[in-house]
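Visitor: So that you have it, the file is my_file.pdb, and it contains PDB, C-alpha atoms and all ligand atoms:
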ATOM      1  CA  MET Q   9     121.403  -0.122 133.509
ATOM      2  CA  SER Q  10     124.418   1.639 134.944
ATOM      3  CA  ASN Q  11     123.633   4.690 137.059
ATOM      4  CA  ASN Q  12     125.726   7.206 135.158
ATOM      5  CA  LYS Q  13     124.061   6.333 131.857
ATOM      6  CA  LYS Q  14     121.337   8.680 130.745
ATOM      7  CA  ASN Q  15     117.995   7.041 130.096
ATOM      8  CA  VAL Q  16     116.576   7.943 126.705
ATOM      9  CA  LEU Q  17     113.083   7.142 125.513
ATOM     10  CA  PHE Q  18     112.382   7.320 121.795
ATOM     11  CA  ILE Q  19     108.717   7.735 120.936
ATOM     12  CA  GLY Q  20     108.813   6.711 117.288
ATOM     13  CA  ALA Q  21     110.918   3.895 115.855
ATOM     14  CA  GLY Q  22     111.157   4.848 112.173
ATOM     15  CA  ARG Q  23     114.000   5.992 109.948
ATOM     16  CA  MET Q  24     115.075   8.995 111.987
ATOM     17  CA  ALA Q  25     114.853   7.226 115.337
ATOM     18  CA  GLN Q  26     116.918   4.364 113.925
ATOM     19  CA  ALA Q  27     119.591   6.688 112.514
ATOM     20  CA  LEU Q  28     119.911   8.389 115.905
ATOM     21  CA  ILE Q  29     119.938   5.070 117.769
ATOM     22  CA  GLU Q  30     122.638   3.673 115.501
ATOM     23  CA  GLY Q  31     124.867   6.693 116.189
ATOM     24  CA  LEU Q  32     124.303   6.803 119.953
ATOM     25  CA  ASN Q  33     127.094   5.804 122.306
ATOM     26  CA  LYS Q  34     125.562   2.902 124.236
ATOM     27  CA  ASN Q  35     128.067   3.440 127.061
ATOM     28  CA  LYS Q  36     126.557   6.845 127.754
ATOM     29  CA  PHE Q  37     122.893   6.250 126.951
ATOM     30  CA  ALA Q  38     120.462   3.486 127.906
ATOM     31  CA  ILE Q  39     117.895   3.368 125.127
ATOM     32  CA  LEU Q  40     114.235   2.427 125.260
ATOM     33  CA  VAL Q  41     112.076   2.609 122.141
ATOM     34  CA  GLY Q  42     108.299   2.856 121.854
ATOM     35  CA  ASN Q  43     106.057   3.547 118.891
ATOM     36  CA  ASN Q  44     102.460   3.554 117.722
ATOM     37  CA  GLY Q  45     101.873  -0.172 118.051
ATOM     38  CA  ASN Q  46     103.817  -1.678 115.138
ATOM     39  CA  GLU Q  47     105.321  -4.657 117.017
ATOM     40  CA  GLU Q  48     107.161  -5.918 113.932
ATOM     41  CA  ARG Q  49     109.082  -2.656 113.744
ATOM     42  CA  LEU Q  50     109.956  -2.797 117.444
ATOM     43  CA  GLN Q  51     111.255  -6.325 117.020
ATOM     44  CA  GLU Q  52     113.425  -5.210 114.106
ATOM     45  CA  VAL Q  53     114.799  -2.300 116.149
ATOM     46  CA  ARG Q  54     115.484  -4.583 119.116
ATOM     47  CA  GLU Q  55     117.357  -7.092 117.001
ATOM     48  CA  THR Q  56     119.248  -4.628 114.824
ATOM     49  CA  TYR Q  57     120.423  -2.195 117.489
ATOM     50  CA  ASP Q  58     120.426  -4.328 120.648
ATOM     51  CA  VAL Q  59     118.198  -1.885 122.565
ATOM     52  CA  GLU Q  60     115.125  -2.315 124.725
ATOM     53  CA  THR Q  61     111.653  -1.645 123.388
ATOM     54  CA  THR Q  62     108.265  -1.174 124.990
ATOM     55  CA  ASP Q  63     104.668  -1.475 123.868
ATOM     56  CA  ASN Q  64     103.688   0.996 126.581
ATOM     57  CA  TRP Q  65     106.124   3.905 126.740
ATOM     58  CA  HIS Q  66     103.855   5.844 129.112
ATOM     59  CA  GLN Q  67     104.800   3.716 132.104
ATOM     60  CA  HIS Q  68     108.535   4.420 131.643
ATOM     61  CA  VAL Q  69     108.470   8.207 131.294
ATOM     62  CA  SER Q  70     109.085   8.937 134.977
ATOM     63  CA  LYS Q  71     112.461   7.076 134.881
ATOM     64  CA  MET Q  72     113.727   8.849 131.769
ATOM     65  CA  ASP Q  73     116.236  11.713 131.494
ATOM     66  CA  ILE Q  74     115.526  12.444 127.827
ATOM     67  CA  ILE Q  75     112.432  11.897 125.694
ATOM     68  CA  ILE Q  76     112.840  12.081 121.931
ATOM     69  CA  LEU Q  77     109.801  12.581 119.743
ATOM     70  CA  ALA Q  78     110.769  10.882 116.466
ATOM     71  CA  MET Q  79     107.356  10.821 114.828
ATOM     72  CA  PRO Q  80     105.438  12.894 112.291
ATOM     73  CA  PRO Q  81     104.575  16.494 113.182
ATOM     74  CA  GLU Q  82     100.843  15.737 113.115
ATOM     75  CA  SER Q  83     101.230  13.067 115.832
ATOM     76  CA  HIS Q  84     102.755  15.525 118.284
ATOM     77  CA  ASP Q  85      99.710  17.239 119.778
ATOM     78  CA  PRO Q  86      98.056  14.209 121.411
ATOM     79  CA  ILE Q  87     101.432  12.891 122.594
ATOM     80  CA  LEU Q  88     102.343  16.258 124.128
ATOM     81  CA  VAL Q  89      99.039  16.252 126.038
ATOM     82  CA  GLU Q  90      99.894  12.815 127.443
ATOM     83  CA  LEU Q  91     103.502  13.748 128.175
ATOM     84  CA  ALA Q  92     102.485  16.917 129.998
ATOM     85  CA  GLU Q  93     100.760  14.696 132.572
ATOM     86  CA  LEU Q  94     103.753  12.396 132.983
ATOM     87  CA  ILE Q  95     106.954  14.453 132.926
ATOM     88  CA  HIS Q  96     108.689  16.224 135.790
ATOM     89  CA  GLY Q  97     111.507  18.270 134.275
ATOM     90  CA  GLN Q  98     112.925  15.776 131.749
ATOM     91  CA  LEU Q  99     114.480  17.055 128.537
ATOM     92  CA  VAL Q 100     112.043  16.725 125.620
ATOM     93  CA  ILE Q 101     113.462  16.800 122.090
ATOM     94  CA  THR Q 102     111.631  16.698 118.786
ATOM     95  CA  VAL Q 103     112.997  15.971 115.322
ATOM     96  CA  ALA Q 104     109.787  16.999 113.560
ATOM     97  CA  ALA Q 105     109.565  19.748 110.963
ATOM     98  CA  GLY Q 106     107.699  22.808 112.224
ATOM     99  CA  ILE Q 107     107.553  21.798 115.925
ATOM    100  CA  ASP Q 108     109.829  24.436 117.422
ATOM    101  CA  PRO Q 109     110.911  24.940 121.062
ATOM    102  CA  SER Q 110     108.337  27.700 121.631
ATOM    103  CA  TYR Q 111     105.599  25.311 120.546
ATOM    104  CA  LEU Q 112     106.867  22.514 122.810
ATOM    105  CA  GLU Q 113     107.117  24.946 125.733
ATOM    106  CA  SER Q 114     103.545  26.093 125.149
ATOM    107  CA  LYS Q 115     102.272  22.495 125.397
ATOM    108  CA  LEU Q 116     104.427  21.193 128.270
ATOM    109  CA  PRO Q 117     104.598  22.199 131.948
ATOM    110  CA  LYS Q 118     106.284  25.517 132.702
ATOM    111  CA  GLY Q 119     110.067  25.183 132.979
ATOM    112  CA  THR Q 120     110.344  22.009 130.860
ATOM    113  CA  PRO Q 121     113.677  21.910 129.003
ATOM    114  CA  VAL Q 122     113.026  21.361 125.288
ATOM    115  CA  ALA Q 123     115.034  21.237 122.080
ATOM    116  CA  TRP Q 124     114.456  20.930 118.358
ATOM    117  CA  ILE Q 125     116.845  18.997 116.171
ATOM    118  CA  MET Q 126     116.613  19.001 112.399
ATOM    119  CA  PRO Q 127     118.734  16.342 110.702
ATOM    120  CA  ASN Q 128     118.652  15.427 107.015
ATOM    121  CA  THR Q 129     118.377  12.078 105.249
ATOM    122  CA  ALA Q 130     122.170  11.550 105.264
ATOM    123  CA  ALA Q 131     121.742  10.833 108.996
ATOM    124  CA  LYS Q 132     121.416   7.168 108.086
ATOM    125  CA  LEU Q 133     125.056   7.232 106.890
ATOM    126  CA  GLY Q 134     126.218   9.373 109.823
ATOM    127  CA  LYS Q 135     126.616  12.307 107.403
ATOM    128  CA  SER Q 136     123.751  14.595 108.378
ATOM    129  CA  MET Q 137     124.153  18.343 108.587
ATOM    130  CA  THR Q 138     121.951  18.798 111.633
ATOM    131  CA  LEU Q 139     120.616  22.076 112.991
ATOM    132  CA  TYR Q 140     119.481  22.395 116.579
ATOM    133  CA  ALA Q 141     117.815  25.034 118.719
ATOM    134  CA  LEU Q 142     117.236  25.097 122.469
ATOM    135  CA  GLY Q 143     114.272  26.198 124.530
ATOM    136  CA  GLN Q 144     114.662  28.585 127.457
ATOM    137  CA  HIS Q 145     115.201  26.024 130.216
ATOM    138  CA  VAL Q 146     117.937  23.750 128.867
ATOM    139  CA  ASN Q 147     120.982  23.607 131.149
ATOM    140  CA  GLN Q 148     124.585  23.109 130.082
ATOM    141  CA  GLU Q 149     124.648  19.423 130.949
ATOM    142  CA  GLN Q 150     121.532  18.832 128.851
ATOM    143  CA  GLN Q 151     123.086  20.696 125.931
ATOM    144  CA  VAL Q 152     126.058  18.311 126.181
ATOM    145  CA  TRP Q 153     123.600  15.365 125.987
ATOM    146  CA  ILE Q 154     121.979  16.875 122.905
ATOM    147  CA  GLU Q 155     125.311  17.333 121.151
ATOM    148  CA  ALA Q 156     126.360  13.791 122.098
ATOM    149  CA  LEU Q 157     123.117  12.558 120.579
ATOM    150  CA  ILE Q 158     123.435  14.365 117.264
ATOM    151  CA  SER Q 159     127.182  13.941 116.866
ATOM    152  CA  GLY Q 160     126.385  10.282 116.135
ATOM    153  CA  ILE Q 161     124.624  11.218 112.903
ATOM    154  CA  GLY Q 162     127.128  13.733 111.532
ATOM    155  CA  GLU Q 163     127.954  17.426 111.826
ATOM    156  CA  PHE Q 164     125.768  19.877 113.734
ATOM    157  CA  GLU Q 165     125.310  23.569 114.329
ATOM    158  CA  GLN Q 166     123.357  25.420 117.022
ATOM    159  CA  VAL Q 167     121.102  28.151 115.638
ATOM    160  CA  THR Q 168     117.908  29.923 116.705
ATOM    161  CA  GLN Q 169     114.503  28.376 116.127
ATOM    162  CA  GLN Q 170     113.746  31.065 113.538
ATOM    163  CA  GLN Q 171     116.920  30.100 111.712
ATOM    164  CA  ILE Q 172     115.831  26.447 111.691
ATOM    165  CA  HIS Q 173     112.519  27.491 110.146
ATOM    166  CA  GLU Q 174     114.436  29.330 107.429
ATOM    167  CA  LEU Q 175     117.428  27.027 106.949
ATOM    168  CA  THR Q 176     115.716  23.641 106.828
ATOM    169  CA  ALA Q 177     115.193  24.438 103.151
ATOM    170  CA  VAL Q 178     118.986  24.511 102.738
ATOM    171  CA  THR Q 179     120.131  21.644 104.973
ATOM    172  CA  GLY Q 180     117.025  19.474 104.687
ATOM    173  CA  SER Q 181     115.604  20.095 101.209
ATOM    174  CA  ALA Q 182     118.537  21.216  99.078
ATOM    175  CA  PRO Q 183     120.119  17.726  99.093
ATOM    176  CA  ALA Q 184     117.262  16.878  96.703
ATOM    177  CA  PHE Q 185     118.402  19.735  94.443
ATOM    178  CA  ILE Q 186     121.897  18.262  94.385
ATOM    179  CA  TYR Q 187     120.386  14.873  93.481
ATOM    180  CA  ARG Q 188     118.604  16.513  90.547
ATOM    181  CA  VAL Q 189     121.935  17.907  89.363
ATOM    182  CA  ALA Q 190     123.440  14.424  89.767
ATOM    183  CA  GLU Q 191     120.585  12.908  87.752
ATOM    184  CA  ALA Q 192     121.165  15.315  84.869
ATOM    185  CA  LEU Q 193     124.922  14.706  84.898
ATOM    186  CA  GLU Q 194     124.386  10.954  85.046
ATOM    187  CA  LYS Q 195     122.164  11.103  81.965
ATOM    188  CA  ILE Q 196     124.737  12.990  79.944
ATOM    189  CA  THR Q 197     127.532  10.712  81.196
ATOM    190  CA  LEU Q 198     125.627   7.651  79.970
ATOM    191  CA  GLU Q 199     125.572   9.136  76.473
ATOM    192  CA  SER Q 200     129.324   8.440  76.303
ATOM    193  CA  GLY Q 201     128.628   4.714  76.438
ATOM    194  CA  VAL Q 202     129.720   3.923  80.007
ATOM    195  CA  THR Q 203     127.600   1.656  82.226
ATOM    196  CA  THR Q 204     125.064   3.033  84.730
ATOM    197  CA  GLU Q 205     127.373   1.887  87.517
ATOM    198  CA  GLN Q 206     130.302   3.765  85.989
ATOM    199  CA  ALA Q 207     128.219   6.897  85.429
ATOM    200  CA  ARG Q 208     127.029   6.837  89.036
ATOM    201  CA  LYS Q 209     130.567   6.364  90.321
ATOM    202  CA  LEU Q 210     131.910   9.254  88.222
ATOM    203  CA  VAL Q 211     129.196  11.669  89.265
ATOM    204  CA  ALA Q 212     129.011  10.665  92.940
ATOM    205  CA  ASN Q 213     132.755  10.930  93.456
ATOM    206  CA  MET Q 214     132.943  14.202  91.564
ATOM    207  CA  ILE Q 215     130.283  15.662  93.904
ATOM    208  CA  ALA Q 216     131.888  14.097  97.000
ATOM    209  CA  GLY Q 217     135.291  15.545  96.042
ATOM    210  CA  SER Q 218     133.776  18.975  95.442
ATOM    211  CA  ALA Q 219     132.057  18.769  98.850
ATOM    212  CA  GLU Q 220     135.384  17.885 100.476
ATOM    213  CA  MET Q 221     136.963  20.961  98.842
ATOM    214  CA  LEU Q 222     134.110  23.108 100.170
ATOM    215  CA  LYS Q 223     134.581  21.641 103.650
ATOM    216  CA  THR Q 224     138.108  23.115 103.779
ATOM    217  CA  ASN Q 225     136.230  26.423 104.202
ATOM    218  CA  ALA Q 226     137.284  27.588 100.743
ATOM    219  CA  ASP Q 227     135.124  30.185  99.011
ATOM    220  CA  PRO Q 228     132.962  28.447  96.361
ATOM    221  CA  ALA Q 229     133.545  31.267  93.866
ATOM    222  CA  GLU Q 230     137.315  30.862  94.256
ATOM    223  CA  LEU Q 231     137.027  27.105  93.882
ATOM    224  CA  ALA Q 232     135.120  27.594  90.629
ATOM    225  CA  ASP Q 233     137.816  29.981  89.430
ATOM    226  CA  GLU Q 234     140.436  27.396  90.299
ATOM    227  CA  VAL Q 235     138.765  24.906  87.958
ATOM    228  CA  ALA Q 236     138.092  27.391  85.189
ATOM    229  CA  THR Q 237     140.983  28.897  83.232
ATOM    230  CA  PRO Q 238     139.797  32.181  81.713
ATOM    231  CA  GLY Q 239     138.548  31.519  78.223
ATOM    232  CA  GLY Q 240     138.816  27.748  78.722
ATOM    233  CA  SER Q 241     136.254  24.973  78.452
ATOM    234  CA  THR Q 242     134.999  25.103  82.076
ATOM    235  CA  ALA Q 243     134.578  28.882  81.790
ATOM    236  CA  ALA Q 244     132.363  28.307  78.739
ATOM    237  CA  GLY Q 245     130.173  25.971  80.810
ATOM    238  CA  LEU Q 246     130.018  28.370  83.757
ATOM    239  CA  GLU Q 247     128.919  31.138  81.411
ATOM    240  CA  VAL Q 248     125.895  29.061  80.417
ATOM    241  CA  LEU Q 249     124.956  28.593  84.096
ATOM    242  CA  ASP Q 250     125.493  32.274  84.880
ATOM    243  CA  THR Q 251     123.618  33.524  81.829
ATOM    244  CA  ASN Q 252     120.705  31.297  82.789
ATOM    245  CA  HIS Q 253     120.848  32.544  86.380
ATOM    246  CA  LEU Q 254     121.442  29.352  88.313
ATOM    247  CA  ASP Q 255     121.642  31.511  91.457
ATOM    248  CA  HIS Q 256     118.103  32.840  90.889
ATOM    249  CA  LEU Q 257     116.835  29.322  90.289
ATOM    250  CA  MET Q 258     118.318  28.185  93.634
ATOM    251  CA  ILE Q 259     116.840  31.170  95.455
ATOM    252  CA  ASP Q 260     113.409  30.471  93.939
ATOM    253  CA  ALA Q 261     113.628  26.786  94.863
ATOM    254  CA  ILE Q 262     114.624  27.549  98.465
ATOM    255  CA  GLU Q 263     111.873  30.158  98.685
ATOM    256  CA  ALA Q 264     109.295  27.646  97.411
ATOM    257  CA  CYS Q 265     110.337  25.194 100.161
ATOM    258  CA  ARG Q 266     109.987  27.920 102.786
ATOM    259  CA  GLN Q 267     106.576  29.033 101.564
ATOM    260  CA  LYS Q 268     105.282  25.469 101.589
ATOM    261  CA  ALA Q 269     106.707  24.813 105.072
ATOM    262  CA  MET Q 270     104.997  27.973 106.373
ATOM    263  CA  VAL Q 271     101.624  26.769 105.084
ATOM    264  CA  GLN Q 272     102.162  23.349 106.679
ATOM    265  CA  ASP Q 273     103.387  24.619 110.103
TER
HETATM  266  N1  LIG U   1     113.635  10.740 107.628
HETATM  267  C1  LIG U   1     114.369  11.860 107.608
HETATM  268  O1  LIG U   1     115.397  11.983 106.918
HETATM  269  C2  LIG U   1     113.983  13.046 108.475
HETATM  270  C3  LIG U   1     114.779  14.206 108.467
HETATM  271  C4  LIG U   1     114.464  15.262 109.332
HETATM  272  C5  LIG U   1     113.374  15.166 110.153
HETATM  273  N2  LIG U   1     112.595  14.050 110.130
HETATM  274  C6  LIG U   1     111.422  13.990 111.017
HETATM  275  O2  LIG U   1     111.515  12.842 111.825
HETATM  276  C7  LIG U   1     110.201  12.441 112.194
HETATM  277  C8  LIG U   1     110.094  10.947 111.936
HETATM  278  O3  LIG U   1     110.358  10.711 110.573
HETATM  279  P1  LIG U   1     110.752   9.267 110.056
HETATM  280  O4  LIG U   1     111.287   9.453 108.691
HETATM  281  O5  LIG U   1     111.540   8.548 111.082
HETATM  282  O6  LIG U   1     109.259   8.604 109.970
HETATM  283  P2  LIG U   1     108.852   7.098 109.843
HETATM  284  O7  LIG U   1     109.997   6.270 109.348
HETATM  285  O8  LIG U   1     107.553   7.093 109.110
HETATM  286  O9  LIG U   1     108.556   6.652 111.367
HETATM  287  C9  LIG U   1     107.562   7.293 112.123
HETATM  288  C10 LIG U   1     107.516   6.658 113.500
HETATM  289  O10 LIG U   1     106.613   7.438 114.301
HETATM  290  C11 LIG U   1     105.777   6.544 115.022
HETATM  291  N3  LIG U   1     104.532   7.211 115.383
HETATM  292  C12 LIG U   1     103.642   7.816 114.560
HETATM  293  N4  LIG U   1     102.600   8.275 115.283
HETATM  294  C13 LIG U   1     102.847   7.950 116.568
HETATM  295  C14 LIG U   1     102.122   8.107 117.782
HETATM  296  N5  LIG U   1     100.948   8.729 117.818
HETATM  297  N6  LIG U   1     102.663   7.607 118.915
HETATM  298  C15 LIG U   1     103.844   6.963 118.917
HETATM  299  N7  LIG U   1     104.585   6.776 117.797
HETATM  300  C16 LIG U   1     104.077   7.266 116.652
HETATM  301  C17 LIG U   1     105.575   5.366 114.086
HETATM  302  O11 LIG U   1     105.107   4.264 114.855
HETATM  303  P3  LIG U   1     104.925   2.792 114.239
HETATM  304  O12 LIG U   1     106.304   2.191 114.244
HETATM  305  O13 LIG U   1     104.016   2.121 115.237
HETATM  306  O14 LIG U   1     104.335   2.965 112.883
HETATM  307  C18 LIG U   1     106.991   5.215 113.515
HETATM  308  O15 LIG U   1     107.786   4.420 114.362
HETATM  309  C19 LIG U   1     109.223  13.256 111.354
HETATM  310  O16 LIG U   1     108.688  14.272 112.144
HETATM  311  C20 LIG U   1     110.100  13.856 110.280
HETATM  312  O17 LIG U   1     109.647  15.122 109.876
HETATM  313  C21 LIG U   1     112.879  12.975 109.318
END
For this file, write the structure as structure tokens.
Guide:
Amino acid sequence: MSNNKKNVLFIGAGRMAQALIEGLNKNKFAILVGNNGNEERLQEVRETYDVETTDNWHQHVSKMDIIILAMPPESHDPILVELAELIHGQLVITVAAGIDPSYLESKLPKGTPVAWIMPNTAAKLGKSMTLYALGQHVNQEQQVWIEALISGIGEFEQVTQQQIHELTAVTGSAPAFIYRVAEALEKITLESGVTTEQARKLVANMIAGSAEMLKTNADPAELADEVATPGGSTAAGLEVLDTNHLDHLMIDAIEACRQKAMVQD
């Protein structure tokens, strides 16, 4: 291991850990992966990503610069108790829903730098829209490490922990809403006699193109106007959506996600 590389320990070797590992620059980070005892999974991670694994992460903590908790929220408490005994100022990051920096700080020794990153499932394609929030003791260099880590899985934005609580419904859950829209459009496309493959291609590329237009920072209302000539066919379709209050439906769906997350936290 070269000296200027940062040593990163992943505790958790599942989907999110693997997406992050795949995106990480191996020239900057030396990666070690531990988990809850599933040796088959560690072997797969070792072979797929050419990283080191351990069946006893505890004994490596003291040499680490960064510890990433990539496991379910409910596994955090016992691990944080163990970590609190082992760490001496290393950066601790979680990717778990509901485990915010204040919570990590309350469980770890005073002064521990902590961060919360919230990717979405597109991380596995390097297309996540990731939110992150910092605890009180993260220095500038550590923030650079965090951004290097999450830049490998897509775009990111720094926000407050309260904003992550509120906005996970948008960046994390709303992709499922878009998939529902895609499902409905696919069904109606199939009625024209094209194959499933063709229908999927038409709908996926239509959504991808629309997303690219949005990414130019254009106003969505103006983009809709651009498509819809007044009195034309698209305008007739938009009127159906507006009359049926698509905006209210979205607000209710986002609100339902938030309410559920609050009960679970
Ligand atoms: N998947 C996503 O798109 C996504 C998006 C945002 C946030 N997240 C968050 O990311 C975290 C991980 O999700 P995932 O999808 O990667 O889950 P996953 O594929 O089910 O993997 C979970 C990993 O956690 C390990 N683990 C569980 N309990 C542990 C313990 N006590 N000690 C050590 N390791 C433990 C498991 O070990 P074994 O290998 O031994 O089973 C496994 O490697 C969750 O908190 C989730 O909320 C996921």
Visitor: What residues have any atom no more than 9 Å from ligand LIG 1 (chain U) when counting all atoms listed in the file, and can you list them as a ChimeraX atom specification?
Guide: /Q:18-27,42-50,65,77-87,102-107,125-132,136,138,176,180
Visitor: Got a sec to resolve the PyMOL selection byres (((chain Q and resi 207-218) around 10) and not hetatm) on this structure and send the residues as a PyMOL selection string?
Guide: chain Q and resi 186-187+189-206+219-223+228+231-232
Visitor: What would the file look like if the residues just selected were written as an mmCIF file, in the coordinates of the input with C-alpha atoms?
Guide:
data_model
loop_
_atom_site.group_PDB
_atom_site.id
_atom_site.type_symbol
_atom_site.label_atom_id
_atom_site.label_comp_id
_atom_site.auth_asym_id
_atom_site.auth_seq_id
_atom_site.Cartn_x
_atom_site.Cartn_y
_atom_site.Cartn_z
ATOM 1 C CA ILE Q 186 121.897 18.262 94.385
ATOM 2 C CA TYR Q 187 120.386 14.873 93.481
ATOM 3 C CA VAL Q 189 121.935 17.907 89.363
ATOM 4 C CA ALA Q 190 123.440 14.424 89.767
ATOM 5 C CA GLU Q 191 120.585 12.908 87.752
ATOM 6 C CA ALA Q 192 121.165 15.315 84.869
ATOM 7 C CA LEU Q 193 124.922 14.706 84.898
ATOM 8 C CA GLU Q 194 124.386 10.954 85.046
ATOM 9 C CA LYS Q 195 122.164 11.103 81.965
ATOM 10 C CA ILE Q 196 124.737 12.990 79.944
ATOM 11 C CA THR Q 197 127.532 10.712 81.196
ATOM 12 C CA LEU Q 198 125.627 7.651 79.970
ATOM 13 C CA GLU Q 199 125.572 9.136 76.473
ATOM 14 C CA SER Q 200 129.324 8.440 76.303
ATOM 15 C CA GLY Q 201 128.628 4.714 76.438
ATOM 16 C CA VAL Q 202 129.720 3.923 80.007
ATOM 17 C CA THR Q 203 127.600 1.656 82.226
ATOM 18 C CA THR Q 204 125.064 3.033 84.730
ATOM 19 C CA GLU Q 205 127.373 1.887 87.517
ATOM 20 C CA GLN Q 206 130.302 3.765 85.989
ATOM 21 C CA ALA Q 219 132.057 18.769 98.850
ATOM 22 C CA GLU Q 220 135.384 17.885 100.476
ATOM 23 C CA MET Q 221 136.963 20.961 98.842
ATOM 24 C CA LEU Q 222 134.110 23.108 100.170
ATOM 25 C CA LYS Q 223 134.581 21.641 103.650
ATOM 26 C CA PRO Q 228 132.962 28.447 96.361
ATOM 27 C CA LEU Q 231 137.027 27.105 93.882
ATOM 28 C CA ALA Q 232 135.120 27.594 90.629
#
Visitor: Check what the PyMOL selection byres (((chain Q and resi 147) around 12) and not hetatm) selects in the file above and give those residues as a VMD selection string.
Guide: chain Q and resid 97 to 99 119 to 123 142 to 146 148 to 154
Visitor: Evaluated on this file, the PyMOL selection byres (((chain Q and resi 32-34) around 12) and not hetatm) picks out some residues - which ones are they, written as JSON, numbers by chain?
Guide: {"Q": [9, 10, 12, 13, 14, 15, 16, 25, 26, 27, 28, 29, 30, 31, 35, 36, 37, 38, 39, 40, 57, 58, 59, 60, 131, 134, 153, 154, 155, 156, 157, 158, 159, 160, 161, 162]}
Visitor: Selected residues, C-alpha atoms, written as a PDB file, keeping the file's coordinate frame, please.
Guide:
ATOM      1  CA  MET Q   9     121.403  -0.122 133.509  1.00  0.00           C
ATOM      2  CA  SER Q  10     124.418   1.639 134.944  1.00  0.00           C
ATOM      3  CA  ASN Q  12     125.726   7.206 135.158  1.00  0.00           C
ATOM      4  CA  LYS Q  13     124.061   6.333 131.857  1.00  0.00           C
ATOM      5  CA  LYS Q  14     121.337   8.680 130.745  1.00  0.00           C
ATOM      6  CA  ASN Q  15     117.995   7.041 130.096  1.00  0.00           C
ATOM      7  CA  VAL Q  16     116.576   7.943 126.705  1.00  0.00           C
ATOM      8  CA  ALA Q  25     114.853   7.226 115.337  1.00  0.00           C
ATOM      9  CA  GLN Q  26     116.918   4.364 113.925  1.00  0.00           C
ATOM     10  CA  ALA Q  27     119.591   6.688 112.514  1.00  0.00           C
ATOM     11  CA  LEU Q  28     119.911   8.389 115.905  1.00  0.00           C
ATOM     12  CA  ILE Q  29     119.938   5.070 117.769  1.00  0.00           C
ATOM     13  CA  GLU Q  30     122.638   3.673 115.501  1.00  0.00           C
ATOM     14  CA  GLY Q  31     124.867   6.693 116.189  1.00  0.00           C
ATOM     15  CA  ASN Q  35     128.067   3.440 127.061  1.00  0.00           C
ATOM     16  CA  LYS Q  36     126.557   6.845 127.754  1.00  0.00           C
ATOM     17  CA  PHE Q  37     122.893   6.250 126.951  1.00  0.00           C
ATOM     18  CA  ALA Q  38     120.462   3.486 127.906  1.00  0.00           C
ATOM     19  CA  ILE Q  39     117.895   3.368 125.127  1.00  0.00           C
ATOM     20  CA  LEU Q  40     114.235   2.427 125.260  1.00  0.00           C
ATOM     21  CA  TYR Q  57     120.423  -2.195 117.489  1.00  0.00           C
ATOM     22  CA  ASP Q  58     120.426  -4.328 120.648  1.00  0.00           C
ATOM     23  CA  VAL Q  59     118.198  -1.885 122.565  1.00  0.00           C
ATOM     24  CA  GLU Q  60     115.125  -2.315 124.725  1.00  0.00           C
ATOM     25  CA  ALA Q 131     121.742  10.833 108.996  1.00  0.00           C
ATOM     26  CA  GLY Q 134     126.218   9.373 109.823  1.00  0.00           C
ATOM     27  CA  TRP Q 153     123.600  15.365 125.987  1.00  0.00           C
ATOM     28  CA  ILE Q 154     121.979  16.875 122.905  1.00  0.00           C
ATOM     29  CA  GLU Q 155     125.311  17.333 121.151  1.00  0.00           C
ATOM     30  CA  ALA Q 156     126.360  13.791 122.098  1.00  0.00           C
ATOM     31  CA  LEU Q 157     123.117  12.558 120.579  1.00  0.00           C
ATOM     32  CA  ILE Q 158     123.435  14.365 117.264  1.00  0.00           C
ATOM     33  CA  SER Q 159     127.182  13.941 116.866  1.00  0.00           C
ATOM     34  CA  GLY Q 160     126.385  10.282 116.135  1.00  0.00           C
ATOM     35  CA  ILE Q 161     124.624  11.218 112.903  1.00  0.00           C
ATOM     36  CA  GLY Q 162     127.128  13.733 111.532  1.00  0.00           C
TER      37      GLY Q 162
END
Visitor: What's the 10 Å shell around Ala269 of chain Q, counting only C-alpha atoms, without same-chain residues fewer than 4 positions away, as a PyMOL selection string?
Guide: chain Q and resi 105-106+173-174+176-177+263-265+273
Visitor: Taking 6 positions as the minimum chain separation for residues in the same chain, which residues sit within 8 Å of Ile172 of chain Q when counting only C-alpha atoms? Answer as number ranges by chain.
Guide: Q: 126, 139-141
Visitor: Would you mind exporting C-alpha atoms of the selected residues as a compact mmCIF listing (two decimals), keeping the file's coordinate frame?
Guide:
# COMPACT_ATOMS: atom_id res chain seq x y z
CA MET Q 126 116.61 19.00 112.40
CA LEU Q 139 120.62 22.08 112.99
CA TYR Q 140 119.48 22.40 116.58
CA ALA Q 141 117.82 25.03 118.72
Visitor: Find the distance between atom CA of Asp233 of chain Q and atom CA of Val248 of chain Q and write it in Å to one decimal.
Guide: 15.0 Å
Visitor: Write out as a ChimeraX atom specification each polymer residue whose atoms come within 10 Å of Val178 of chain Q, counting all atoms listed in the file; drop sequence neighbours fewer than 6 positions from it.
Guide: /Q:137,172,184-185,258,261-263,265-266
Visitor: Tell me, in Å to one decimal, how far atom CA of Ala182 of chain Q is from atom CA of Asp255 of chain Q.
Guide: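 These two atoms are separated by 13.2 Å.
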Visitor: Report, in Å with one decimal, the straight-line distance from atom CA of Lys118 of chain Q to atom CA of Ala92 of chain Q.
Guide: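 Computed distance, atom CA of Lys118 of chain Q to atom CA of Ala92 of chain Q, equals 9.8 Å.
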